[in-house]
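Participant: PDB, C-alpha atoms, file run_23.pdb:
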```
ATOM      1  CA  MET A   1      71.776  34.210-189.604
ATOM      2  CA  LYS A   2      70.987  34.844-185.956
ATOM      3  CA  PRO A   3      67.286  35.046-185.058
ATOM      4  CA  SER A   4      66.092  38.615-184.446
ATOM      5  CA  LEU A   5      64.671  39.710-181.107
ATOM      6  CA  PRO A   6      61.032  40.741-180.825
ATOM      7  CA  LEU A   7      60.708  44.538-180.704
ATOM      8  CA  SER A   8      59.549  44.604-177.064
ATOM      9  CA  ALA A   9      62.494  42.459-176.002
ATOM     10  CA  LEU A  10      64.915  44.648-177.948
ATOM     11  CA  VAL A  11      63.611  47.856-176.320
ATOM     12  CA  ALA A  12      63.851  46.268-172.874
ATOM     13  CA  ALA A  13      67.377  45.050-173.549
ATOM     14  CA  LEU A  14      68.496  48.480-174.703
ATOM     15  CA  ALA A  15      67.003  50.130-171.609
ATOM     16  CA  LEU A  16      68.657  47.664-169.269
ATOM     17  CA  ALA A  17      71.957  48.035-171.062
ATOM     18  CA  GLY A  18      71.881  51.738-170.277
ATOM     19  CA  CYS A  19      71.744  51.220-166.492
ATOM     20  CA  SER A  20      75.327  51.563-165.325
ATOM     21  CA  ALA A  21      76.570  51.628-161.756
ATOM     22  CA  SER A  22      76.654  55.418-161.845
ATOM     23  CA  SER A  23      72.904  55.415-162.525
ATOM     24  CA  ALA A  24      72.333  53.947-159.066
ATOM     25  CA  PRO A  25      71.694  56.236-156.114
ATOM     26  CA  THR A  26      74.587  56.948-153.848
ATOM     27  CA  GLY A  27      72.576  56.538-150.649
ATOM     28  CA  ASN A  28      70.576  53.617-149.298
ATOM     29  CA  ALA A  29      67.515  54.078-151.505
ATOM     30  CA  ALA A  30      67.018  51.687-154.392
ATOM     31  CA  ALA A  31      67.636  53.127-157.842
ATOM     32  CA  PRO A  32      64.631  53.780-160.070
ATOM     33  CA  ALA A  33      65.314  51.679-163.147
ATOM     34  CA  ALA A  34      65.577  52.952-166.691
ATOM     35  CA  VAL A  35      62.546  51.172-168.057
ATOM     36  CA  ALA A  36      61.167  50.195-171.409
ATOM     37  CA  ALA A  37      57.687  51.292-172.418
ATOM     38  CA  ASP A  38      56.317  47.796-171.762
ATOM     39  CA  ASP A  39      57.286  48.138-168.092
ATOM     40  CA  THR A  40      55.602  51.472-167.434
ATOM     41  CA  PRO A  41      52.260  50.226-166.032
ATOM     42  CA  THR A  42      53.926  49.030-162.840
ATOM     43  CA  THR A  43      57.033  51.221-162.668
ATOM     44  CA  CYS A  44      55.977  54.648-163.921
ATOM     45  CA  LYS A  45      52.222  54.926-163.912
ATOM     46  CA  SER A  46      51.432  54.364-160.251
ATOM     47  CA  GLY A  47      51.202  57.205-157.740
ATOM     48  CA  ILE A  48      53.042  60.385-158.739
ATOM     49  CA  THR A  49      56.161  59.802-160.807
ATOM     50  CA  LEU A  50      58.603  61.859-162.842
ATOM     51  CA  GLN A  51      59.543  60.172-166.114
ATOM     52  CA  LEU A  52      62.334  61.578-168.251
ATOM     53  CA  LEU A  53      61.504  61.540-171.948
ATOM     54  CA  GLY A  54      64.827  62.997-172.997
ATOM     55  CA  SER A  55      67.974  63.205-170.871
ATOM     56  CA  GLY A  56      70.349  64.604-173.488
ATOM     57  CA  GLY A  57      71.294  68.011-174.805
ATOM     58  CA  PRO A  58      71.618  69.947-178.067
ATOM     59  CA  ILE A  59      74.311  67.794-179.712
ATOM     60  CA  THR A  60      73.787  64.316-181.134
ATOM     61  CA  ASP A  61      76.965  62.988-179.500
ATOM     62  CA  ASP A  62      74.979  62.009-176.390
ATOM     63  CA  ALA A  63      72.792  59.560-178.411
ATOM     64  CA  ARG A  64      69.744  60.597-176.363
ATOM     65  CA  ALA A  65      66.586  62.572-176.884
ATOM     66  CA  SER A  66      66.840  66.211-175.835
ATOM     67  CA  SER A  67      65.215  67.586-172.696
ATOM     68  CA  GLY A  68      61.664  66.688-171.743
ATOM     69  CA  ALA A  69      59.775  64.967-168.942
ATOM     70  CA  VAL A  70      56.250  63.972-167.987
ATOM     71  CA  VAL A  71      54.725  63.702-164.538
ATOM     72  CA  TRP A  72      52.407  60.736-164.085
ATOM     73  CA  ILE A  73      49.539  61.229-161.656
ATOM     74  CA  ASP A  74      47.504  58.123-160.884
ATOM     75  CA  GLY A  75      48.211  56.467-164.216
ATOM     76  CA  LYS A  76      47.908  59.529-166.452
ATOM     77  CA  ALA A  77      50.659  61.747-167.851
ATOM     78  CA  ARG A  78      49.081  65.013-166.725
ATOM     79  CA  LEU A  79      52.099  67.340-166.931
ATOM     80  CA  LEU A  80      54.773  67.862-169.600
ATOM     81  CA  ILE A  81      57.914  69.891-168.907
ATOM     82  CA  ASP A  82      59.890  70.754-172.058
ATOM     83  CA  ALA A  83      59.680  69.108-175.453
ATOM     84  CA  GLY A  84      63.123  68.999-177.048
ATOM     85  CA  GLY A  85      64.040  67.007-180.137
ATOM     86  CA  GLY A  86      63.218  63.314-179.728
ATOM     87  CA  THR A  87      60.614  63.775-177.003
ATOM     88  CA  TYR A  88      57.795  63.228-179.505
ATOM     89  CA  LEU A  89      59.007  59.660-179.987
ATOM     90  CA  ARG A  90      59.633  59.126-176.272
ATOM     91  CA  TYR A  91      56.184  60.545-175.415
ATOM     92  CA  GLY A  92      54.633  57.736-177.417
ATOM     93  CA  GLU A  93      57.036  55.108-176.087
ATOM     94  CA  ALA A  94      56.172  56.127-172.536
ATOM     95  CA  GLY A  95      52.491  55.492-173.218
ATOM     96  CA  ALA A  96      51.540  59.127-172.548
ATOM     97  CA  ARG A  97      48.269  60.323-174.114
ATOM     98  CA  LEU A  98      47.563  63.863-175.249
ATOM     99  CA  GLU A  99      43.981  63.674-173.989
ATOM    100  CA  ASP A 100      45.311  63.261-170.427
ATOM    101  CA  LEU A 101      47.559  66.316-170.600
ATOM    102  CA  ASP A 102      46.569  69.380-168.543
ATOM    103  CA  PHE A 103      49.767  71.430-168.386
ATOM    104  CA  ILE A 104      52.831  72.088-170.553
ATOM    105  CA  GLY A 105      55.710  74.070-169.090
ATOM    106  CA  ILE A 106      58.517  75.217-171.382
ATOM    107  CA  SER A 107      61.709  76.278-169.633
ATOM    108  CA  HIS A 108      63.238  78.304-172.499
ATOM    109  CA  PHE A 109      63.410  78.571-176.257
ATOM    110  CA  HIS A 110      66.537  76.678-177.159
ATOM    111  CA  THR A 111      65.599  73.994-179.673
ATOM    112  CA  ASP A 112      66.678  71.160-177.392
ATOM    113  CA  HIS A 113      63.830  72.160-175.058
ATOM    114  CA  VAL A 114      60.997  73.029-177.449
ATOM    115  CA  ALA A 115      61.580  71.667-180.976
ATOM    116  CA  ASP A 116      59.065  68.793-180.692
ATOM    117  CA  LEU A 117      56.218  70.852-179.233
ATOM    118  CA  PRO A 118      54.425  71.314-182.608
ATOM    119  CA  ALA A 119      54.670  67.592-183.353
ATOM    120  CA  ILE A 120      53.177  66.664-179.988
ATOM    121  CA  LEU A 121      50.359  69.210-180.281
ATOM    122  CA  LYS A 122      49.439  68.038-183.792
ATOM    123  CA  GLY A 123      48.024  64.946-182.107
ATOM    124  CA  ALA A 124      45.009  67.154-181.316
ATOM    125  CA  TYR A 125      43.609  66.114-184.694
ATOM    126  CA  PHE A 126      43.164  62.604-183.378
ATOM    127  CA  LEU A 127      41.516  63.130-179.976
ATOM    128  CA  SER A 128      38.023  61.794-179.424
ATOM    129  CA  GLY A 129      36.821  64.879-177.546
ATOM    130  CA  ARG A 130      37.714  68.504-176.906
ATOM    131  CA  HIS A 131      40.317  69.158-174.228
ATOM    132  CA  ASP A 132      42.005  72.229-172.712
ATOM    133  CA  VAL A 133      45.682  72.542-171.849
ATOM    134  CA  ALA A 134      47.679  75.354-170.232
ATOM    135  CA  LEU A 135      50.945  76.241-171.991
ATOM    136  CA  VAL A 136      53.399  78.272-169.903
ATOM    137  CA  GLY A 137      56.794  79.677-170.751
ATOM    138  CA  PRO A 138      59.181  82.547-170.056
ATOM    139  CA  SER A 139      58.961  86.206-170.947
ATOM    140  CA  GLY A 140      61.130  87.222-173.876
ATOM    141  CA  ASN A 141      64.006  89.553-174.695
ATOM    142  CA  ALA A 142      65.685  90.931-177.821
ATOM    143  CA  ASN A 143      66.902  87.473-178.889
ATOM    144  CA  PHE A 144      64.153  85.131-177.667
ATOM    145  CA  PRO A 145      60.358  85.307-177.851
ATOM    146  CA  SER A 146      57.974  85.046-174.956
ATOM    147  CA  MET A 147      55.714  82.008-174.760
ATOM    148  CA  THR A 148      52.760  83.887-176.246
ATOM    149  CA  ALA A 149      54.932  85.289-179.053
ATOM    150  CA  PHE A 150      56.372  81.842-179.794
ATOM    151  CA  PHE A 151      52.886  80.343-179.950
ATOM    152  CA  ASP A 152      51.724  83.082-182.311
ATOM    153  CA  ARG A 153      54.765  82.726-184.574
ATOM    154  CA  ALA A 154      54.300  78.964-184.686
ATOM    155  CA  PHE A 155      50.520  78.699-184.980
ATOM    156  CA  GLY A 156      49.131  82.189-185.655
ATOM    157  CA  ARG A 157      46.387  82.377-188.255
ATOM    158  CA  GLY A 158      47.620  84.036-191.427
ATOM    159  CA  HIS A 159      51.306  84.069-190.511
ATOM    160  CA  GLY A 160      52.300  81.112-188.320
ATOM    161  CA  ALA A 161      54.985  78.682-189.449
ATOM    162  CA  PHE A 162      52.447  75.895-188.784
ATOM    163  CA  GLU A 163      49.366  77.887-189.731
ATOM    164  CA  TYR A 164      47.456  74.704-190.474
ATOM    165  CA  LEU A 165      47.427  74.182-186.694
ATOM    166  CA  ALA A 166      45.977  77.634-185.983
ATOM    167  CA  GLY A 167      42.880  75.957-184.524
ATOM    168  CA  LEU A 168      44.939  75.063-181.451
ATOM    169  CA  SER A 169      44.199  78.537-180.104
ATOM    170  CA  GLY A 170      40.557  77.632-179.594
ATOM    171  CA  GLY A 171      40.106  73.952-180.350
ATOM    172  CA  THR A 172      38.701  74.579-183.847
ATOM    173  CA  ASP A 173      39.346  73.458-187.442
ATOM    174  CA  GLY A 174      39.202  69.800-186.450
ATOM    175  CA  LEU A 175      41.728  70.192-183.626
ATOM    176  CA  GLN A 176      40.296  68.883-180.375
ATOM    177  CA  LEU A 177      42.826  70.663-178.148
ATOM    178  CA  SER A 178      42.417  74.243-176.979
ATOM    179  CA  VAL A 179      45.819  75.584-175.909
ATOM    180  CA  HIS A 180      46.051  78.564-173.556
ATOM    181  CA  PRO A 181      49.548  80.128-173.684
ATOM    182  CA  SER A 182      50.833  82.514-171.021
ATOM    183  CA  ASP A 183      54.104  84.191-170.052
ATOM    184  CA  VAL A 184      55.982  84.248-166.742
ATOM    185  CA  ASN A 185      58.229  87.200-165.993
ATOM    186  CA  VAL A 186      61.652  85.638-165.446
ATOM    187  CA  ALA A 187      62.797  88.689-163.477
ATOM    188  CA  SER A 188      60.015  88.424-160.904
ATOM    189  CA  PRO A 189      61.462  88.319-157.367
ATOM    190  CA  VAL A 190      58.824  85.802-156.314
ATOM    191  CA  ALA A 191      57.489  82.591-157.811
ATOM    192  CA  THR A 192      54.434  82.737-160.080
ATOM    193  CA  LYS A 193      51.626  80.211-159.636
ATOM    194  CA  VAL A 194      50.846  78.900-163.121
ATOM    195  CA  TRP A 195      48.468  75.954-162.662
ATOM    196  CA  GLN A 196      46.400  74.258-159.985
ATOM    197  CA  GLY A 197      44.119  71.236-160.025
ATOM    198  CA  ASP A 198      43.337  67.989-158.215
ATOM    199  CA  GLY A 199      45.615  68.822-155.304
ATOM    200  CA  VAL A 200      48.565  69.772-157.527
ATOM    201  CA  THR A 201      50.013  73.295-157.648
ATOM    202  CA  ILE A 202      52.692  74.388-160.130
ATOM    203  CA  SER A 203      54.827  77.508-159.731
ATOM    204  CA  ALA A 204      57.506  78.932-162.027
ATOM    205  CA  PHE A 205      60.593  80.986-161.227
ATOM    206  CA  GLY A 206      63.247  82.609-163.400
ATOM    207  CA  ILE A 207      66.683  80.967-163.507
ATOM    208  CA  PRO A 208      69.957  82.328-164.989
ATOM    209  CA  HIS A 209      70.844  80.659-168.296
ATOM    210  CA  GLY A 210      73.268  83.197-169.675
ATOM    211  CA  ASP A 211      71.248  85.722-171.680
ATOM    212  CA  VAL A 212      68.407  83.251-172.320
ATOM    213  CA  PRO A 213      65.148  83.828-170.412
ATOM    214  CA  ALA A 214      64.493  80.550-168.580
ATOM    215  CA  LEU A 215      62.230  79.042-165.935
ATOM    216  CA  ALA A 216      62.322  76.307-163.328
ATOM    217  CA  TYR A 217      59.106  74.626-162.187
ATOM    218  CA  ARG A 218      58.010  73.611-158.687
ATOM    219  CA  ILE A 219      55.313  70.925-158.606
ATOM    220  CA  GLU A 220      53.601  70.459-155.242
ATOM    221  CA  THR A 221      51.554  67.271-154.985
ATOM    222  CA  PRO A 222      49.841  65.238-152.258
ATOM    223  CA  LYS A 223      52.809  62.828-152.446
ATOM    224  CA  GLY A 224      55.562  65.413-152.204
ATOM    225  CA  VAL A 225      57.336  68.186-154.092
ATOM    226  CA  MET A 226      59.333  68.102-157.329
ATOM    227  CA  VAL A 227      61.515  70.992-158.469
ATOM    228  CA  LEU A 228      62.635  70.698-162.084
ATOM    229  CA  SER A 229      65.403  73.004-163.218
ATOM    230  CA  ALA A 230      66.427  73.298-166.826
ATOM    231  CA  ASP A 231      69.756  74.806-167.851
ATOM    232  CA  GLN A 232      71.056  77.402-165.406
ATOM    233  CA  ASN A 233      74.451  78.624-164.213
ATOM    234  CA  GLY A 234      73.443  78.638-160.546
ATOM    235  CA  SER A 235      74.077  82.319-159.885
ATOM    236  CA  ARG A 236      70.558  83.281-158.740
ATOM    237  CA  LYS A 237      70.591  82.650-155.004
ATOM    238  CA  GLU A 238      66.810  82.942-154.708
ATOM    239  CA  PHE A 239      66.491  79.626-156.561
ATOM    240  CA  VAL A 240      67.495  77.843-153.352
ATOM    241  CA  ASP A 241      64.538  79.365-151.505
ATOM    242  CA  PHE A 242      62.242  78.489-154.438
ATOM    243  CA  ALA A 243      63.374  74.857-154.259
ATOM    244  CA  LYS A 244      63.486  74.397-150.477
ATOM    245  CA  GLY A 245      61.396  71.474-149.276
ATOM    246  CA  ALA A 246      61.762  69.530-152.515
ATOM    247  CA  ASP A 247      61.607  65.760-152.248
ATOM    248  CA  LEU A 248      62.987  65.477-155.785
ATOM    249  CA  LEU A 249      65.320  68.021-157.363
ATOM    250  CA  MET A 250      66.242  67.706-161.032
ATOM    251  CA  MET A 251      69.343  69.562-162.231
ATOM    252  CA  PRO A 252      71.207  69.541-165.568
ATOM    253  CA  ALA A 253      74.589  67.815-165.928
ATOM    254  CA  ALA A 254      75.773  69.402-169.156
ATOM    255  CA  ILE A 255      79.365  70.406-168.356
ATOM    256  CA  ASP A 256      82.458  69.587-166.293
ATOM    257  CA  ASP A 257      84.255  71.713-163.724
ATOM    258  CA  ASP A 258      86.940  72.566-166.299
ATOM    259  CA  ALA A 259      84.472  73.898-168.875
ATOM    260  CA  ASP A 260      85.251  77.193-170.617
ATOM    261  CA  ALA A 261      83.858  80.544-169.514
ATOM    262  CA  GLN A 262      81.078  80.635-172.109
ATOM    263  CA  SER A 263      79.835  77.211-171.037
ATOM    264  CA  ARG A 264      79.881  78.266-167.382
ATOM    265  CA  PHE A 265      77.962  81.424-168.319
ATOM    266  CA  LEU A 266      75.161  79.131-169.492
ATOM    267  CA  HIS A 267      75.474  76.037-167.296
ATOM    268  CA  ALA A 268      76.260  75.058-163.715
ATOM    269  CA  THR A 269      79.382  72.988-163.147
ATOM    270  CA  PRO A 270      79.201  69.819-161.007
ATOM    271  CA  THR A 271      80.642  71.779-158.077
ATOM    272  CA  VAL A 272      77.896  74.388-158.393
ATOM    273  CA  VAL A 273      75.217  71.682-158.755
ATOM    274  CA  GLY A 274      76.544  69.952-155.638
ATOM    275  CA  LYS A 275      76.531  73.149-153.592
ATOM    276  CA  ILE A 276      73.000  74.055-154.696
ATOM    277  CA  ALA A 277      71.733  70.559-153.914
ATOM    278  CA  ALA A 278      73.404  70.664-150.499
ATOM    279  CA  GLU A 279      71.624  73.927-149.650
ATOM    280  CA  ILE A 280      68.248  72.672-150.850
ATOM    281  CA  ASN A 281      68.804  69.192-149.356
ATOM    282  CA  PRO A 282      66.217  67.230-151.358
ATOM    283  CA  LYS A 283      65.522  63.561-150.683
ATOM    284  CA  MET A 284      66.905  62.735-154.137
ATOM    285  CA  LEU A 285      68.828  64.510-156.880
ATOM    286  CA  VAL A 286      68.113  63.558-160.500
ATOM    287  CA  LEU A 287      70.626  64.580-163.171
ATOM    288  CA  ASP A 288      69.625  65.107-166.782
ATOM    289  CA  HIS A 289      70.677  67.129-169.841
ATOM    290  CA  PHE A 290      73.862  65.120-170.367
ATOM    291  CA  MET A 291      76.113  65.873-173.310
ATOM    292  CA  GLY A 292      78.791  63.734-174.922
ATOM    293  CA  ARG A 293      81.673  64.990-172.807
ATOM    294  CA  SER A 294      79.741  65.047-169.526
ATOM    295  CA  LEU A 295      78.686  61.451-170.203
ATOM    296  CA  LYS A 296      82.316  60.411-170.628
ATOM    297  CA  ASP A 297      83.148  62.113-167.320
ATOM    298  CA  LYS A 298      79.891  61.147-165.613
ATOM    299  CA  ASP A 299      81.415  59.172-162.748
ATOM    300  CA  LYS A 300      83.879  61.961-161.960
ATOM    301  CA  ASN A 301      81.167  64.609-162.135
ATOM    302  CA  VAL A 302      78.821  62.647-159.872
ATOM    303  CA  ALA A 303      81.668  62.190-157.385
ATOM    304  CA  THR A 304      82.231  65.945-157.421
ATOM    305  CA  ILE A 305      78.559  66.565-156.680
ATOM    306  CA  GLN A 306      78.755  64.065-153.813
ATOM    307  CA  LEU A 307      81.469  66.099-152.143
ATOM    308  CA  TYR A 308      78.728  68.577-151.230
ATOM    309  CA  TYR A 309      75.374  66.785-151.477
ATOM    310  CA  HIS A 310      75.213  63.524-149.525
ATOM    311  CA  GLY A 311      71.798  62.234-150.541
ATOM    312  CA  PRO A 312      71.064  59.808-153.378
ATOM    313  CA  VAL A 313      72.157  60.951-156.841
ATOM    314  CA  TYR A 314      70.436  59.493-159.899
ATOM    315  CA  ALA A 315      71.982  59.778-163.360
ATOM    316  CA  GLY A 316      68.859  59.857-165.507
ATOM    317  CA  ARG A 317      68.333  58.177-168.859
ATOM    318  CA  ASP A 318      65.601  58.441-171.463
ATOM    319  CA  LEU A 319      62.385  56.871-170.091
ATOM    320  CA  SER A 320      63.765  56.431-166.562
ATOM    321  CA  CYS A 321      61.230  56.939-163.748
ATOM    322  CA  PHE A 322      61.481  58.523-160.293
ATOM    323  CA  PRO A 323      58.424  58.098-158.061
ATOM    324  CA  LEU A 324      57.594  60.265-155.074
ATOM    325  CA  SER A 325      57.430  57.889-152.137
ATOM    326  CA  HIS A 326      55.390  59.762-149.515
TER     327      HIS A 326
END
```
So that I can check it, write out the structure of this file as structure tokens.
Facilitator:
Amino acid sequence: MKPSLPLSALVAALALAGCSASSAPTGNAAAPAAVAADDTPTTCKSGITLQLLGSGGPITDDARASSGAVVWIDGKARLLIDAGGGTYLRYGEAGARLEDLDFIGISHFHTDHVADLPAILKGAYFLSGRHDVALVGPSGNANFPSMTAFFDRAFGRGHGAFEYLAGLSGGTDGLQLSVHPSDVNVASPVATKVWQGDGVTISAFGIPHGDVPALAYRIETPKGVMVLSADQNGSRKEFVDFAKGADLLMMPAAIDDDADAQSRFLHATPTVVGKIAAEINPKMLVLDHFMGRSLKDKDKNVATIQLYYHGPVYAGRDLSCFPLSH
């Protein structure tokens, strides 16, 4: 029998095995590595860094966690954007701590962007002291709830699906986290400021994801600007103005250029992603939300994007890190 690897070595080996040539940037900048949790103190936790928790989509054929990311600020994971299936595990692997979290932004209410939110918030039972966190999400429509309605349906006293966590609304019943949900009107013609603190300002703006109310987030920091877009089809031209000046732009890579009409109603093709990135002209483009087919065609899709956007393109993986370098 062959000797087994220690767990830390196995995790590191798996992370390194995931770094293919197409994960490298296409410009002169060095590629941020896909890192194991043991590496995060030096690679993810310094300065201001985006770390993907999940880089996959709604189908298990991508063998990745679904969408979610944290933003590290001076060694603490202060911001969480989306919490799809699998991000609970990745949140722990990344070394993120709930007591450091100040802001949660949910892009929309597909399960691959929000399913693990209750599991993450349950950690409030185990905090050493009371803490407040802002929870922001989109307004609703006939098929999807708003953020405040979702929170009430999940945690509302007397009727919530997870009623035993009803104390989250005020940091009571043994839960040391007080969560403050709010809605952003996705149809607003201008961005909505949703959080500010310690030199960081976060704004949200509605993006077109078929008939699903959805938001993108702009995070302005002393080290630069991140714009994180969840699923969108790219048809709202005002998104370019919202994202102008971004040092880091994150866009989904869910489909190919030959996808069917329904898929293109929900998602941007590589050609559309490339054109949007070219207009915004960020210093780096990070791709996430891969699915099984788009992973198989990843090299072709990245090449299509590069026909329009000529900066560095990063094909993200679970736990990969992208620091702002200002």
Participant: Evaluate the PyMOL selection byres ((chain A and resi 166-176) around 7) on the structure here and hand back the selected residues as a PyMOL selection string.
Facilitator: chain A and resi 124-125+127+129-131+155-157+163-165+177-180
Participant: Once the PyMOL selection byres ((chain A and resi 46-53) around 7) is applied to the coordinates I shared, what remains selected? I want it as number ranges by chain.
Facilitator: A: 42-45, 54-55, 68-75, 87, 90-91, 223, 317-324
Participant: Do you have the atom CA of Gln232 of chain A-atom CA of Gln306 of chain A distance handy?
Facilitator: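 Computed distance, atom CA of Gln232 of chain A to atom CA of Gln306 of chain A, equals 19.3 Å.
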Participant: Measuring between all atoms listed in the file, which one of A:Gly105, A:Gln262, A:Gly85, A:Gly224 shows the shortest distance to Lys193 of chain A?
Facilitator: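 Among A:Gly105, A:Gln262, A:Gly85, A:Gly224, it is A:Gly105 that comes nearest to Lys193 of chain A.
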Participant: Which residue out of A:Ala277, A:Ala83, A:Val240, A:Met291 has the minimum interatomic distance to Ala254 of chain A when only C-alpha atoms are used?
Facilitator: A:Met291
Participant: Smallest atom-to-atom distance to Gly199 of chain A: which of A:Gly140, A:Pro213, A:Gly56, A:Pro222, using only C-alpha atoms?
Facilitator: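 Selected residue with least distance to Gly199 of chain A: A:Pro222.
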Participant: In Å to one decimal, how far is atom CA of Phe151 of chain A from atom CA of Lys76 of chain A?
Facilitator: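 It comes out at 25.3 Å.
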Participant: Identify, on the basis of all atoms listed in the file, every residue whose closest approach to Ile219 of chain A does not exceed 6 Å; exclude the query and any residue fewer than 6 positions from it along the same chain; express the result as a PyMOL selection string.
Facilitator: chain A and resi 201-202+225-226
Participant: If I wrap all listed atoms of segment 54-61 of chain A in a box with edges along x, y and z and add 4 Å on each side, what are its centre and edge lengths in Å to one decimal, as lines of an AutoDock Vina configuration file?
Facilitator:
```
center_x = 70.9
center_y = 66.5
center_z = -176.0
size_x = 20.1
size_y = 15.0
size_z = 18.3
```
Participant: Quote the spacing between atom CA of Gly92 of chain A and atom CA of Ala65 of chain A in Å to one decimal place.
Facilitator: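 Computed distance, atom CA of Gly92 of chain A to atom CA of Ala65 of chain A, equals 12.9 Å.
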Participant: Find the residues near segment 243-252 of chain A: any atom within 8 Å, counting only C-alpha atoms, skip ones fewer than 4 places away on the same chain, and give them as a list in words.
Facilitator: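 Here the answer would be Arg218, Gly224, Val225, Met226, Val227, Leu228, Ser229, Ala230, Asp231, Gln232, Phe239, His267, Ala268, Val273, Ala277, Ile280, Asn281, Pro282, Lys283, Met284, Leu285, Val286, Leu287, Asp288, His289, Phe290 and Leu324 of chain A.
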